[in-house]
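*Asks:* Below is the file input-v7.cif, which contains mmCIF, C-alpha atoms and all ligand atoms.
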```
data_target
loop_
_atom_site.group_PDB
_atom_site.id
_atom_site.type_symbol
_atom_site.label_atom_id
_atom_site.label_comp_id
_atom_site.auth_asym_id
_atom_site.auth_seq_id
_atom_site.Cartn_x
_atom_site.Cartn_y
_atom_site.Cartn_z
ATOM 1 C CA MET A 1 3.161 -3.306 -19.352
ATOM 2 C CA ALA A 2 5.513 -0.353 -19.542
ATOM 3 C CA SER A 3 3.798 2.960 -18.876
ATOM 4 C CA GLU A 4 5.255 6.438 -18.723
ATOM 5 C CA PHE A 5 2.907 6.994 -15.772
ATOM 6 C CA LEU A 6 4.736 4.578 -13.464
ATOM 7 C CA LYS A 7 8.459 4.414 -12.678
ATOM 8 C CA THR A 8 10.123 1.520 -10.863
ATOM 9 C CA GLU A 9 13.674 1.498 -9.542
ATOM 10 C CA ILE A 10 15.166 -1.429 -7.648
ATOM 11 C CA SER A 11 18.322 -0.942 -5.636
ATOM 12 C CA ASP A 12 19.838 -3.067 -2.909
ATOM 13 C CA GLY A 13 16.674 -5.063 -2.203
ATOM 14 C CA VAL A 14 14.242 -2.121 -2.155
ATOM 15 C CA ALA A 15 11.937 -1.247 -5.062
ATOM 16 C CA VAL A 16 10.684 2.321 -5.281
ATOM 17 C CA VAL A 17 7.552 2.636 -7.412
ATOM 18 C CA THR A 18 6.614 6.214 -8.317
ATOM 19 C CA LEU A 19 3.273 7.368 -9.736
ATOM 20 C CA ASN A 20 4.401 9.674 -12.519
ATOM 21 C CA ARG A 21 1.544 11.752 -13.837
ATOM 22 C CA PRO A 22 2.200 14.939 -11.869
ATOM 23 C CA GLU A 23 0.431 17.262 -14.321
ATOM 24 C CA ALA A 24 -2.859 15.554 -13.334
ATOM 25 C CA LEU A 25 -1.851 15.075 -9.665
ATOM 26 C CA ASN A 26 -1.237 11.383 -10.463
ATOM 27 C CA ALA A 27 -4.935 10.812 -11.157
ATOM 28 C CA LEU A 28 -5.455 7.094 -11.683
ATOM 29 C CA ASN A 29 -6.491 6.600 -15.297
ATOM 30 C CA SER A 30 -6.969 3.110 -16.780
ATOM 31 C CA GLU A 31 -3.410 2.935 -18.087
ATOM 32 C CA LEU A 32 -1.941 3.796 -14.694
ATOM 33 C CA LEU A 33 -4.226 1.354 -12.871
ATOM 34 C CA ALA A 34 -3.264 -1.487 -15.223
ATOM 35 C CA ALA A 35 0.421 -0.609 -14.818
ATOM 36 C CA ILE A 36 0.098 -0.673 -11.011
ATOM 37 C CA GLY A 37 -1.476 -4.137 -11.121
ATOM 38 C CA GLU A 38 1.161 -5.551 -13.445
ATOM 39 C CA THR A 39 4.085 -3.921 -11.652
ATOM 40 C CA PHE A 40 3.112 -5.247 -8.239
ATOM 41 C CA THR A 41 2.492 -8.738 -9.644
ATOM 42 C CA GLU A 42 5.961 -8.663 -11.228
ATOM 43 C CA LEU A 43 7.649 -7.285 -8.109
ATOM 44 C CA GLY A 44 5.975 -10.016 -6.066
ATOM 45 C CA ASN A 45 7.925 -12.556 -8.151
ATOM 46 C CA ASP A 46 11.195 -10.607 -8.267
ATOM 47 C CA ASP A 47 13.737 -11.768 -5.673
ATOM 48 C CA ASN A 48 15.644 -8.489 -6.098
ATOM 49 C CA ALA A 49 12.752 -6.599 -4.492
ATOM 50 C CA ARG A 50 12.336 -7.567 -0.837
ATOM 51 C CA VAL A 51 10.415 -4.456 0.234
ATOM 52 C CA ILE A 52 8.494 -1.985 -1.941
ATOM 53 C CA ILE A 53 7.938 1.741 -1.408
ATOM 54 C CA LEU A 54 5.110 3.446 -3.326
ATOM 55 C CA THR A 55 5.108 7.223 -3.696
ATOM 56 C CA GLY A 56 3.971 9.990 -6.064
ATOM 57 C CA GLU A 57 5.844 12.483 -8.214
ATOM 58 C CA GLY A 58 5.037 16.144 -7.563
ATOM 59 C CA LYS A 59 2.617 17.573 -5.038
ATOM 60 C CA ALA A 60 0.231 14.620 -4.891
ATOM 61 C CA PHE A 61 0.428 10.969 -3.967
ATOM 62 C CA ALA A 62 -2.701 10.519 -6.121
ATOM 63 C CA ALA A 63 -5.729 12.830 -6.340
ATOM 64 C CA GLY A 64 -8.088 9.964 -7.120
ATOM 65 C CA ALA A 65 -9.594 8.167 -10.052
ATOM 66 C CA ASP A 66 -9.417 10.170 -13.279
ATOM 67 C CA ILE A 67 -12.552 12.315 -13.267
ATOM 68 C CA ALA A 68 -12.032 13.385 -16.900
ATOM 69 C CA GLU A 69 -11.956 9.733 -17.977
ATOM 70 C CA MET A 70 -15.032 8.787 -15.912
ATOM 71 C CA VAL A 71 -17.351 11.704 -16.625
ATOM 72 C CA GLU A 72 -19.110 10.147 -19.644
ATOM 73 C CA TYR A 73 -19.188 6.558 -18.367
ATOM 74 C CA ASN A 74 -22.388 4.557 -18.285
ATOM 75 C CA ALA A 75 -23.178 2.104 -15.463
ATOM 76 C CA ALA A 76 -21.374 -0.841 -17.080
ATOM 77 C CA GLN A 77 -18.255 1.222 -17.767
ATOM 78 C CA GLY A 78 -18.305 2.564 -14.209
ATOM 79 C CA LYS A 79 -18.432 -0.976 -12.837
ATOM 80 C CA ALA A 80 -15.613 -2.113 -15.146
ATOM 81 C CA TYR A 81 -13.453 0.823 -14.028
ATOM 82 C CA SER A 82 -14.072 -0.039 -10.399
ATOM 83 C CA GLU A 83 -13.139 -3.671 -11.087
ATOM 84 C CA LEU A 84 -9.940 -2.608 -12.848
ATOM 85 C CA GLY A 85 -8.917 -0.542 -9.809
ATOM 86 C CA MET A 86 -9.885 -3.286 -7.352
ATOM 87 C CA LYS A 87 -7.779 -5.797 -9.333
ATOM 88 C CA ALA A 88 -4.790 -3.447 -9.412
ATOM 89 C CA PHE A 89 -4.986 -2.734 -5.679
ATOM 90 C CA ARG A 90 -5.488 -6.475 -4.915
ATOM 91 C CA ALA A 91 -2.058 -7.004 -6.517
ATOM 92 C CA ILE A 92 -0.633 -4.759 -3.769
ATOM 93 C CA ILE A 93 -2.645 -6.336 -0.962
ATOM 94 C CA GLU A 94 -1.689 -9.849 -2.079
ATOM 95 C CA CYS A 95 1.892 -8.979 -3.041
ATOM 96 C CA PRO A 96 4.044 -11.255 -0.849
ATOM 97 C CA LYS A 97 6.398 -8.342 -0.045
ATOM 98 C CA PRO A 98 5.830 -5.569 2.512
ATOM 99 C CA VAL A 99 4.624 -2.399 0.768
ATOM 100 C CA ILE A 100 5.165 1.019 2.357
ATOM 101 C CA ALA A 101 3.228 4.033 1.039
ATOM 102 C CA ALA A 102 5.254 7.239 1.267
ATOM 103 C CA VAL A 103 2.344 9.686 1.066
ATOM 104 C CA ASN A 104 3.928 12.895 -0.222
ATOM 105 C CA GLY A 105 0.801 15.005 -0.785
ATOM 106 C CA PHE A 106 -2.877 14.640 -1.702
ATOM 107 C CA ALA A 107 -4.193 11.079 -1.304
ATOM 108 C CA LEU A 108 -7.833 11.492 -2.217
ATOM 109 C CA GLY A 109 -10.534 9.092 -3.366
ATOM 110 C CA GLY A 110 -8.786 6.358 -5.342
ATOM 111 C CA GLY A 111 -5.481 7.809 -4.094
ATOM 112 C CA CYS A 112 -6.487 7.265 -0.472
ATOM 113 C CA GLU A 113 -7.724 3.769 -1.395
ATOM 114 C CA LEU A 114 -4.355 3.126 -3.037
ATOM 115 C CA ALA A 115 -2.500 4.215 0.110
ATOM 116 C CA MET A 116 -4.835 2.038 2.208
ATOM 117 C CA SER A 117 -3.969 -0.969 0.025
ATOM 118 C CA CYS A 118 -0.359 -0.675 1.167
ATOM 119 C CA ASP A 119 0.752 -2.337 4.404
ATOM 120 C CA ILE A 120 2.180 0.758 6.117
ATOM 121 C CA ARG A 121 1.631 4.470 5.465
ATOM 122 C CA ILE A 122 4.203 7.174 6.211
ATOM 123 C CA ALA A 123 2.935 10.683 5.484
ATOM 124 C CA SER A 124 4.610 14.001 4.850
ATOM 125 C CA VAL A 125 3.211 16.856 6.961
ATOM 126 C CA LYS A 126 2.006 18.199 3.594
ATOM 127 C CA ALA A 127 -0.217 15.163 2.957
ATOM 128 C CA LYS A 128 -3.997 15.464 2.911
ATOM 129 C CA LEU A 129 -6.113 12.335 2.814
ATOM 130 C CA GLY A 130 -9.785 11.743 2.277
ATOM 131 C CA GLN A 131 -12.634 10.242 0.306
ATOM 132 C CA PRO A 132 -14.290 13.209 -1.454
ATOM 133 C CA GLU A 133 -16.372 11.023 -3.782
ATOM 134 C CA ILE A 134 -19.623 12.182 -2.151
ATOM 135 C CA THR A 135 -18.976 15.667 -3.591
ATOM 136 C CA LEU A 136 -19.085 14.083 -7.082
ATOM 137 C CA ALA A 137 -22.190 12.013 -6.306
ATOM 138 C CA VAL A 138 -20.248 8.777 -6.718
ATOM 139 C CA THR A 139 -19.438 6.152 -4.107
ATOM 140 C CA PRO A 140 -15.857 5.098 -3.491
ATOM 141 C CA GLY A 141 -15.065 2.445 -6.093
ATOM 142 C CA PHE A 142 -11.641 1.058 -5.232
ATOM 143 C CA GLY A 143 -12.464 -0.325 -1.789
ATOM 144 C CA GLY A 144 -12.841 2.838 0.313
ATOM 145 C CA THR A 145 -16.061 1.758 2.011
ATOM 146 C CA GLN A 146 -14.332 -1.461 3.109
ATOM 147 C CA LYS A 147 -10.762 -0.355 3.797
ATOM 148 C CA LEU A 148 -11.403 2.919 5.650
ATOM 149 C CA PRO A 149 -13.659 1.469 8.409
ATOM 150 C CA ARG A 150 -11.186 -1.366 8.962
ATOM 151 C CA LEU A 151 -8.453 1.210 9.658
ATOM 152 C CA VAL A 152 -10.302 3.976 11.513
ATOM 153 C CA GLY A 153 -13.526 2.311 12.659
ATOM 154 C CA PRO A 154 -17.012 2.704 11.139
ATOM 155 C CA ALA A 155 -18.018 5.957 12.865
ATOM 156 C CA ILE A 156 -15.034 8.024 11.718
ATOM 157 C CA ALA A 157 -15.148 6.308 8.313
ATOM 158 C CA LYS A 158 -18.802 7.274 7.879
ATOM 159 C CA GLU A 159 -18.112 10.865 8.916
ATOM 160 C CA LEU A 160 -15.330 11.168 6.329
ATOM 161 C CA LEU A 161 -17.334 9.360 3.629
ATOM 162 C CA PHE A 162 -20.556 11.363 4.286
ATOM 163 C CA THR A 163 -18.838 14.767 4.419
ATOM 164 C CA GLY A 164 -15.960 14.277 1.975
ATOM 165 C CA ARG A 165 -13.746 16.108 4.486
ATOM 166 C CA MET A 166 -9.997 15.875 3.907
ATOM 167 C CA VAL A 167 -7.792 15.244 6.924
ATOM 168 C CA LYS A 168 -4.306 16.642 7.338
ATOM 169 C CA ALA A 169 -1.425 14.276 8.156
ATOM 170 C CA ASP A 170 -1.559 14.811 11.942
ATOM 171 C CA GLU A 171 -5.256 13.975 12.137
ATOM 172 C CA ALA A 172 -4.692 11.014 9.806
ATOM 173 C CA LYS A 173 -2.174 9.688 12.336
ATOM 174 C CA GLU A 174 -4.512 10.364 15.257
ATOM 175 C CA ILE A 175 -7.302 8.283 13.659
ATOM 176 C CA GLY A 176 -4.970 5.467 12.577
ATOM 177 C CA LEU A 177 -5.050 6.185 8.858
ATOM 178 C CA VAL A 178 -1.260 6.684 8.716
ATOM 179 C CA ASN A 179 1.493 5.190 10.864
ATOM 180 C CA LYS A 180 3.902 8.116 11.035
ATOM 181 C CA VAL A 181 4.166 11.772 10.010
ATOM 182 C CA VAL A 182 7.477 13.354 8.998
ATOM 183 C CA GLU A 183 8.798 16.539 7.386
ATOM 184 C CA PRO A 184 8.613 16.408 3.551
ATOM 185 C CA GLU A 185 12.401 16.229 3.137
ATOM 186 C CA GLU A 186 12.516 13.272 5.543
ATOM 187 C CA LEU A 187 9.771 11.256 3.843
ATOM 188 C CA MET A 188 11.803 9.044 1.531
ATOM 189 C CA ASN A 189 14.634 8.641 4.062
ATOM 190 C CA THR A 190 12.163 7.482 6.705
ATOM 191 C CA ALA A 191 10.477 5.057 4.297
ATOM 192 C CA MET A 192 13.877 3.771 3.148
ATOM 193 C CA GLU A 193 15.087 3.347 6.723
ATOM 194 C CA MET A 194 12.023 1.250 7.530
ATOM 195 C CA ALA A 195 12.412 -0.733 4.279
ATOM 196 C CA ASN A 196 16.083 -1.426 5.049
ATOM 197 C CA LYS A 197 15.207 -2.694 8.516
ATOM 198 C CA ILE A 198 12.466 -4.979 7.169
ATOM 199 C CA LYS A 199 14.473 -6.295 4.199
ATOM 200 C CA ALA A 200 17.048 -7.872 6.517
ATOM 201 C CA PHE A 201 14.415 -10.324 7.808
ATOM 202 C CA SER A 202 13.332 -13.589 6.209
ATOM 203 C CA PRO A 203 11.230 -12.853 3.109
ATOM 204 C CA LEU A 204 9.355 -16.108 3.641
ATOM 205 C CA THR A 205 8.382 -15.221 7.193
ATOM 206 C CA LEU A 206 7.402 -11.694 6.145
ATOM 207 C CA LYS A 207 5.164 -13.165 3.449
ATOM 208 C CA TYR A 208 3.407 -15.397 6.005
ATOM 209 C CA VAL A 209 2.993 -12.540 8.509
ATOM 210 C CA LYS A 210 1.495 -10.246 5.857
ATOM 211 C CA ASP A 211 -0.875 -12.950 4.681
ATOM 212 C CA ALA A 212 -1.959 -13.790 8.236
ATOM 213 C CA VAL A 213 -2.636 -10.143 9.133
ATOM 214 C CA ASN A 214 -4.610 -9.780 5.881
ATOM 215 C CA GLN A 215 -6.678 -12.798 6.945
ATOM 216 C CA SER A 216 -7.530 -11.069 10.242
ATOM 217 C CA THR A 217 -9.970 -8.846 8.365
ATOM 218 C CA GLU A 218 -11.310 -11.603 6.117
ATOM 219 C CA VAL A 219 -11.976 -14.632 8.324
ATOM 220 C CA SER A 220 -13.188 -15.410 11.855
ATOM 221 C CA GLN A 221 -10.680 -15.098 14.714
ATOM 222 C CA THR A 222 -10.775 -18.879 15.181
ATOM 223 C CA ALA A 223 -10.010 -19.506 11.502
ATOM 224 C CA GLY A 224 -7.238 -16.881 11.645
ATOM 225 C CA GLU A 225 -5.697 -18.532 14.703
ATOM 226 C CA THR A 226 -5.816 -21.914 12.940
ATOM 227 C CA TYR A 227 -3.991 -20.338 10.009
ATOM 228 C CA GLU A 228 -1.418 -18.820 12.373
ATOM 229 C CA SER A 229 -0.696 -22.255 13.851
ATOM 230 C CA ASP A 230 -0.288 -23.627 10.314
ATOM 231 C CA ILE A 231 2.231 -21.009 9.208
ATOM 232 C CA PHE A 232 4.047 -21.158 12.567
ATOM 233 C CA GLY A 233 4.547 -24.871 11.864
ATOM 234 C CA VAL A 234 5.641 -24.212 8.272
ATOM 235 C CA CYS A 235 8.359 -21.836 9.540
ATOM 236 C CA PHE A 236 10.028 -24.846 11.224
ATOM 237 C CA SER A 237 10.558 -26.410 7.807
ATOM 238 C CA THR A 238 12.565 -23.418 6.560
ATOM 239 C CA GLU A 239 16.322 -22.869 6.543
ATOM 240 C CA ASP A 240 15.689 -19.264 7.596
ATOM 241 C CA LEU A 241 14.173 -20.307 10.936
ATOM 242 C CA LYS A 242 17.129 -22.605 11.678
ATOM 243 C CA GLU A 243 19.481 -19.741 10.755
ATOM 244 C CA GLY A 244 17.571 -17.196 12.872
ATOM 245 C CA MET A 245 17.456 -19.348 15.997
ATOM 246 C CA THR A 246 21.017 -20.700 15.590
ATOM 247 C CA ALA A 247 22.387 -17.187 15.041
ATOM 248 C CA PHE A 248 20.648 -16.042 18.248
ATOM 249 C CA LEU A 249 22.185 -18.891 20.223
ATOM 250 C CA GLU A 250 25.606 -18.262 18.645
ATOM 251 C CA LYS A 251 25.276 -14.525 19.384
ATOM 252 C CA ARG A 252 25.787 -13.489 15.735
ATOM 253 C CA LYS A 253 23.751 -11.704 13.073
ATOM 254 C CA PRO A 254 21.552 -14.042 11.012
ATOM 255 C CA GLU A 255 21.705 -14.175 7.223
ATOM 256 C CA PHE A 256 18.348 -15.055 5.741
ATOM 257 C CA LYS A 257 18.135 -16.565 2.258
ATOM 258 C CA GLY A 258 14.386 -16.894 1.791
ATOM 259 C CA LYS A 259 14.563 -20.704 1.900
HETATM 260 N N1 LIG B 1 -8.956 13.386 -12.040
HETATM 261 C C1 LIG B 1 -8.531 14.045 -13.142
HETATM 262 N N2 LIG B 1 -7.775 15.155 -13.090
HETATM 263 C C2 LIG B 1 -7.449 15.636 -11.883
HETATM 264 C C3 LIG B 1 -7.863 15.005 -10.692
HETATM 265 C C4 LIG B 1 -8.647 13.822 -10.810
HETATM 266 N N3 LIG B 1 -9.041 13.130 -9.730
HETATM 267 N N4 LIG B 1 -7.390 15.721 -9.643
HETATM 268 C C5 LIG B 1 -6.710 16.754 -10.160
HETATM 269 N N5 LIG B 1 -6.744 16.709 -11.515
HETATM 270 C C6 LIG B 1 -6.136 17.651 -12.467
HETATM 271 C C7 LIG B 1 -6.902 18.954 -12.516
HETATM 272 O O1 LIG B 1 -8.003 18.859 -13.376
HETATM 273 C C8 LIG B 1 -5.835 19.910 -13.025
HETATM 274 O O2 LIG B 1 -5.686 19.721 -14.421
HETATM 275 P P1 LIG B 1 -5.518 21.033 -15.387
HETATM 276 O O3 LIG B 1 -4.207 21.646 -14.947
HETATM 277 O O4 LIG B 1 -5.469 20.438 -16.758
HETATM 278 O O5 LIG B 1 -6.688 21.910 -15.118
HETATM 279 C C9 LIG B 1 -4.547 19.362 -12.382
HETATM 280 O O6 LIG B 1 -4.830 18.008 -12.005
HETATM 281 C C10 LIG B 1 -4.147 20.133 -11.145
HETATM 282 O O7 LIG B 1 -5.260 20.132 -10.245
HETATM 283 P P2 LIG B 1 -5.839 21.464 -9.566
HETATM 284 O O8 LIG B 1 -5.582 22.639 -10.449
HETATM 285 O O9 LIG B 1 -7.249 21.198 -9.175
HETATM 286 O O10 LIG B 1 -4.883 21.564 -8.286
HETATM 287 P P3 LIG B 1 -5.213 22.288 -6.897
HETATM 288 O O11 LIG B 1 -3.925 22.301 -6.154
HETATM 289 O O12 LIG B 1 -5.932 23.575 -7.122
HETATM 290 O O13 LIG B 1 -6.255 21.314 -6.150
HETATM 291 C C11 LIG B 1 -7.051 19.169 -5.368
HETATM 292 C C12 LIG B 1 -5.830 20.046 -5.714
HETATM 293 C C13 LIG B 1 -7.758 19.725 -4.122
HETATM 294 C C14 LIG B 1 -6.519 17.764 -5.078
HETATM 295 C C15 LIG B 1 -8.035 19.153 -6.557
HETATM 296 O O14 LIG B 1 -7.295 18.842 -7.743
HETATM 297 C C16 LIG B 1 -9.142 18.136 -6.423
HETATM 298 O O15 LIG B 1 -10.079 18.341 -5.675
HETATM 299 N N6 LIG B 1 -9.047 17.011 -7.194
HETATM 300 C C17 LIG B 1 -10.077 16.000 -7.214
HETATM 301 C C18 LIG B 1 -10.069 15.172 -5.960
HETATM 302 C C19 LIG B 1 -11.177 14.157 -6.004
HETATM 303 O O16 LIG B 1 -12.335 14.478 -5.994
HETATM 304 N N7 LIG B 1 -10.784 12.869 -6.032
HETATM 305 C C20 LIG B 1 -11.715 11.788 -6.048
HETATM 306 C C21 LIG B 1 -11.976 11.367 -7.452
HETATM 307 S S1 LIG B 1 -13.242 10.152 -7.545
HETATM 308 C C22 LIG B 1 -12.502 8.757 -7.053
HETATM 309 O O17 LIG B 1 -11.319 8.698 -6.790
HETATM 310 C C23 LIG B 1 -13.365 7.563 -6.978
HETATM 311 C C24 LIG B 1 -12.541 6.305 -6.869
HETATM 312 C C25 LIG B 1 -13.297 5.142 -7.296
HETATM 313 C C26 LIG B 1 -13.758 5.276 -8.678
HETATM 314 C C27 LIG B 1 -14.565 4.137 -9.062
HETATM 315 C C28 LIG B 1 -14.864 4.116 -10.523
HETATM 316 C C29 LIG B 1 -16.228 3.801 -10.832
#
```
Let me see whether you can do it: turn the structure in this file into structure tokens.
Ligand code: CO8
*Replies:*
Amino acid sequence: MASEFLKTEISDGVAVVTLNRPEALNALNSELLAAIGETFTELGNDDNARVIILTGEGKAFAAGADIAEMVEYNAAQGKAYSELGMKAFRAIIECPKPVIAAVNGFALGGGCELAMSCDIRIASVKAKLGQPEITLAVTPGFGGTQKLPRLVGPAIAKELLFTGRMVKADEAKEIGLVNKVVEPEELMNTAMEMANKIKAFSPLTLKYVKDAVNQSTEVSQTAGETYESDIFGVCFSTEDLKEGMTAFLEKRKPEFKGK
């Protein structure tokens, strides 16, 4: 689904997806949520995109779900909106490619949940993150109560969820909500540098690693370790593993084909 609210550019193995509704601080209305879901599903199947960067146009990454759209909802509509967002963000979580959030500004409510659905978060010093839903008398609806404690632990998550307090980029790094903090003009370069490093590796192996780490928050440690043994074995049936190990022994750079 093409939407003016989402831009995608693919170049040299890296897709840059930009939330493009700057006049509303990239608030996540239904159209934008649906476009996110479809775009990440498509990129997951597109061999030209080996790594994906998600960022926002203007001064926000995303300032949350669209309050103007939600204000008159009844309970059933509220639930449907939450499910739409969950489905869209699931497409990022389950996308077989690494996804880096380049958090350029406000990442609040649904915007913070969107950033947390990505695999890695790099923040500009201008970024502010948080879950201010409590100030609107609504709970997080796109996974915040589940994703935030898994990243920062339940005590800090509860403090942020109970108070609605926004954290600046440095504190977000301190609590484990973002991986790295850089100057605004360095944000896209830093994300691109990381994407370029990752894209040189086997896409198949990256897919298995992402899936296995995702499982670490879904299944028991024993089940996760069983899965790790399975995928470790599967790697030995790939051409990429033979290439990686042979190239090491031949002291040359490997060339991975995703086979
Ligand atoms: N929804 C709709 N419009 C928004 C939103 C939003 N979340 N955030 C900002 N906007 C709009 C403003 O209304 C304003 O529009 P206009 O120019 O037409 O008046 C424009 O964007 C610019 O915003 P501000 O003038 O407010 O910009 P400031 O720089 O003064 O302030 C802030 C920036 C602090 C980010 C401020 O805009 C703000 O507090 N925004 C709301 C943040 C928020 O509460 N987000 C959480 C929303 S709820 C949520 O995400 C729940 C997720 C799960 C939902 C589940 C569904 C059931």
*Asks:* Please provide the set of residues having any atom within 9 Å of A:Phe89, restricted to all atoms listed in the file, with same-chain residues fewer than 3 positions apart removed, written as a list in words.
*Replies:*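 Here the qualifying residues turn out to be Leu33, Ile36, Gly37, Phe40, Leu84, Gly85, Met86, Ile92, Ile93, Glu94, Glu113, Leu114, Ser117, Cys118, Phe142 and Gly143 of chain A.
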*Asks:* Considering all atoms listed in the file, state which residue in the set A:Ile52, A:Met194, A:Ala24, A:Val17 is at the smallest distance from ligand LIG 1 (chain B).
*Replies:*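 Going through A:Ile52, A:Met194, A:Ala24, A:Val17 one by one, the smallest distance to ligand LIG 1 (chain B) is for A:Ala24.
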*Asks:* How would you report the residues lying within 6 Å of ligand LIG 1 (chain B), as a VMD selection string, if you count all atoms listed in the file?
*Replies:* chain A and resid 23 to 25 27 63 to 68 78 to 79 81 to 82 106 108 to 110 132 to 133 140 to 142
*Asks:* Contacts of A:Asn48 at 9 Å or less, counting only C-alpha atoms, minus same-chain residues fewer than 6 places along, as a PyMOL selection string?
*Replies:* chain A and resi 10-15
*Asks:* Export C-alpha atoms of the chosen residues as a PDB file, in the coordinates of the input?
*Replies:*
```pdb
ATOM      1  CA  ILE A  10      15.166  -1.429  -7.648  1.00  0.00           C
ATOM      2  CA  SER A  11      18.322  -0.942  -5.636  1.00  0.00           C
ATOM      3  CA  ASP A  12      19.838  -3.067  -2.909  1.00  0.00           C
ATOM      4  CA  GLY A  13      16.674  -5.063  -2.203  1.00  0.00           C
ATOM      5  CA  VAL A  14      14.242  -2.121  -2.155  1.00  0.00           C
ATOM      6  CA  ALA A  15      11.937  -1.247  -5.062  1.00  0.00           C
TER       7      ALA A  15
END
```
*Asks:* Would you translate the PyMOL selection byres (((chain A and resi 184-188) around 7) and not hetatm) into the concrete set of residues it matches in this file, as a VMD selection string?
*Replies:* chain A and resid 102 104 124 to 126 182 to 183 189 to 192
*Asks:* Using only C-alpha atoms, what residues lie at most 10 Å away from (7.3, -15.4, 6.2) (file coordinates), given as a PyMOL selection string?
*Replies:* chain A and resi 96-97+201-212+231-232+234-235+238+240-241+258-259
*Asks:* Box in all listed atoms of stretch 207-210 of chain A, axis-aligned, with 3 Å more on each side; write out centre and edge lengths in Å to one decimal as AutoDock Vina command-line options.
*Replies:*
```
--center_x 3.3 --center_y -12.8 --center_z 6.0 --size_x 9.7 --size_y 11.2 --size_z 11.1
```
*Asks:* Interatomic distance between atom CA of A:Leu136 and atom CA of A:Val178?
*Replies:* 24.9 Å
*Asks:* Nearest residue to A:Cys112 out of A:Ala137, A:Leu54, A:Ala75, A:Leu148, using all atoms listed in the file?
*Replies:*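 Ranking A:Ala137, A:Leu54, A:Ala75, A:Leu148 by distance to A:Cys112, first place goes to A:Leu148.
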*Asks:* Evaluating the PyMOL selection byres (((chain A and resi 32) around 9) and not hetatm) on the displayed file yields which residues, as a PyMOL selection string?
*Replies:* chain A and resi 3-6+19-21+26-31+33-37
*Asks:* For a test of reading the model, state the distance in Å between atom CA of A:Asp170 and atom CA of A:Ala127, rounded to one decimal.
*Replies:*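 Computing the Euclidean distance for atom CA of A:Asp170 and atom CA of A:Ala127 yields 9.1 Å.
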*Asks:* Tell me, in Å to one decimal, how far atom CA of A:Glu171 is from atom CA of A:Ala88.
*Replies:* 27.7 Å
*Asks:* Hey, which of A:Asp47, A:Ile134, A:Phe248, A:Gly105 ends up closest to A:Glu159? Count all atoms listed in the file.
*Replies:*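 Of A:Asp47, A:Ile134, A:Phe248, A:Gly105, the one nearest A:Glu159 is A:Ile134, counting all atoms listed in the file.
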*Asks:* Which neighbours of A:Glu255 fall inside 8 Å, counting all atoms listed in the file, when residues of the same chain fewer than 5 positions from it are skipped, and could you give them as a PyMOL selection string?
*Replies:* chain A and resi 200+240+243-244
*Asks:* From the options A:Lys147, A:Lys168, A:Lys180, A:Arg252, which residue's atoms come nearest to A:Ala101, counting only C-alpha atoms?
*Replies:* A:Lys180
*Asks:* Select, from A:Leu177, A:Ile198, A:Val138, A:Ala49, the residue with the minimum atom-to-atom distance to A:Val71, counting all atoms listed in the file.
*Replies:*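 Answer, going by the shortest atom-to-atom distance: A:Val138.
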*Asks:* Which residue, A:Ala115, A:Ala107, A:Ala157, A:Leu249, has the smallest gap to A:Ile175 when you use only C-alpha atoms?
*Replies:* A:Ala157
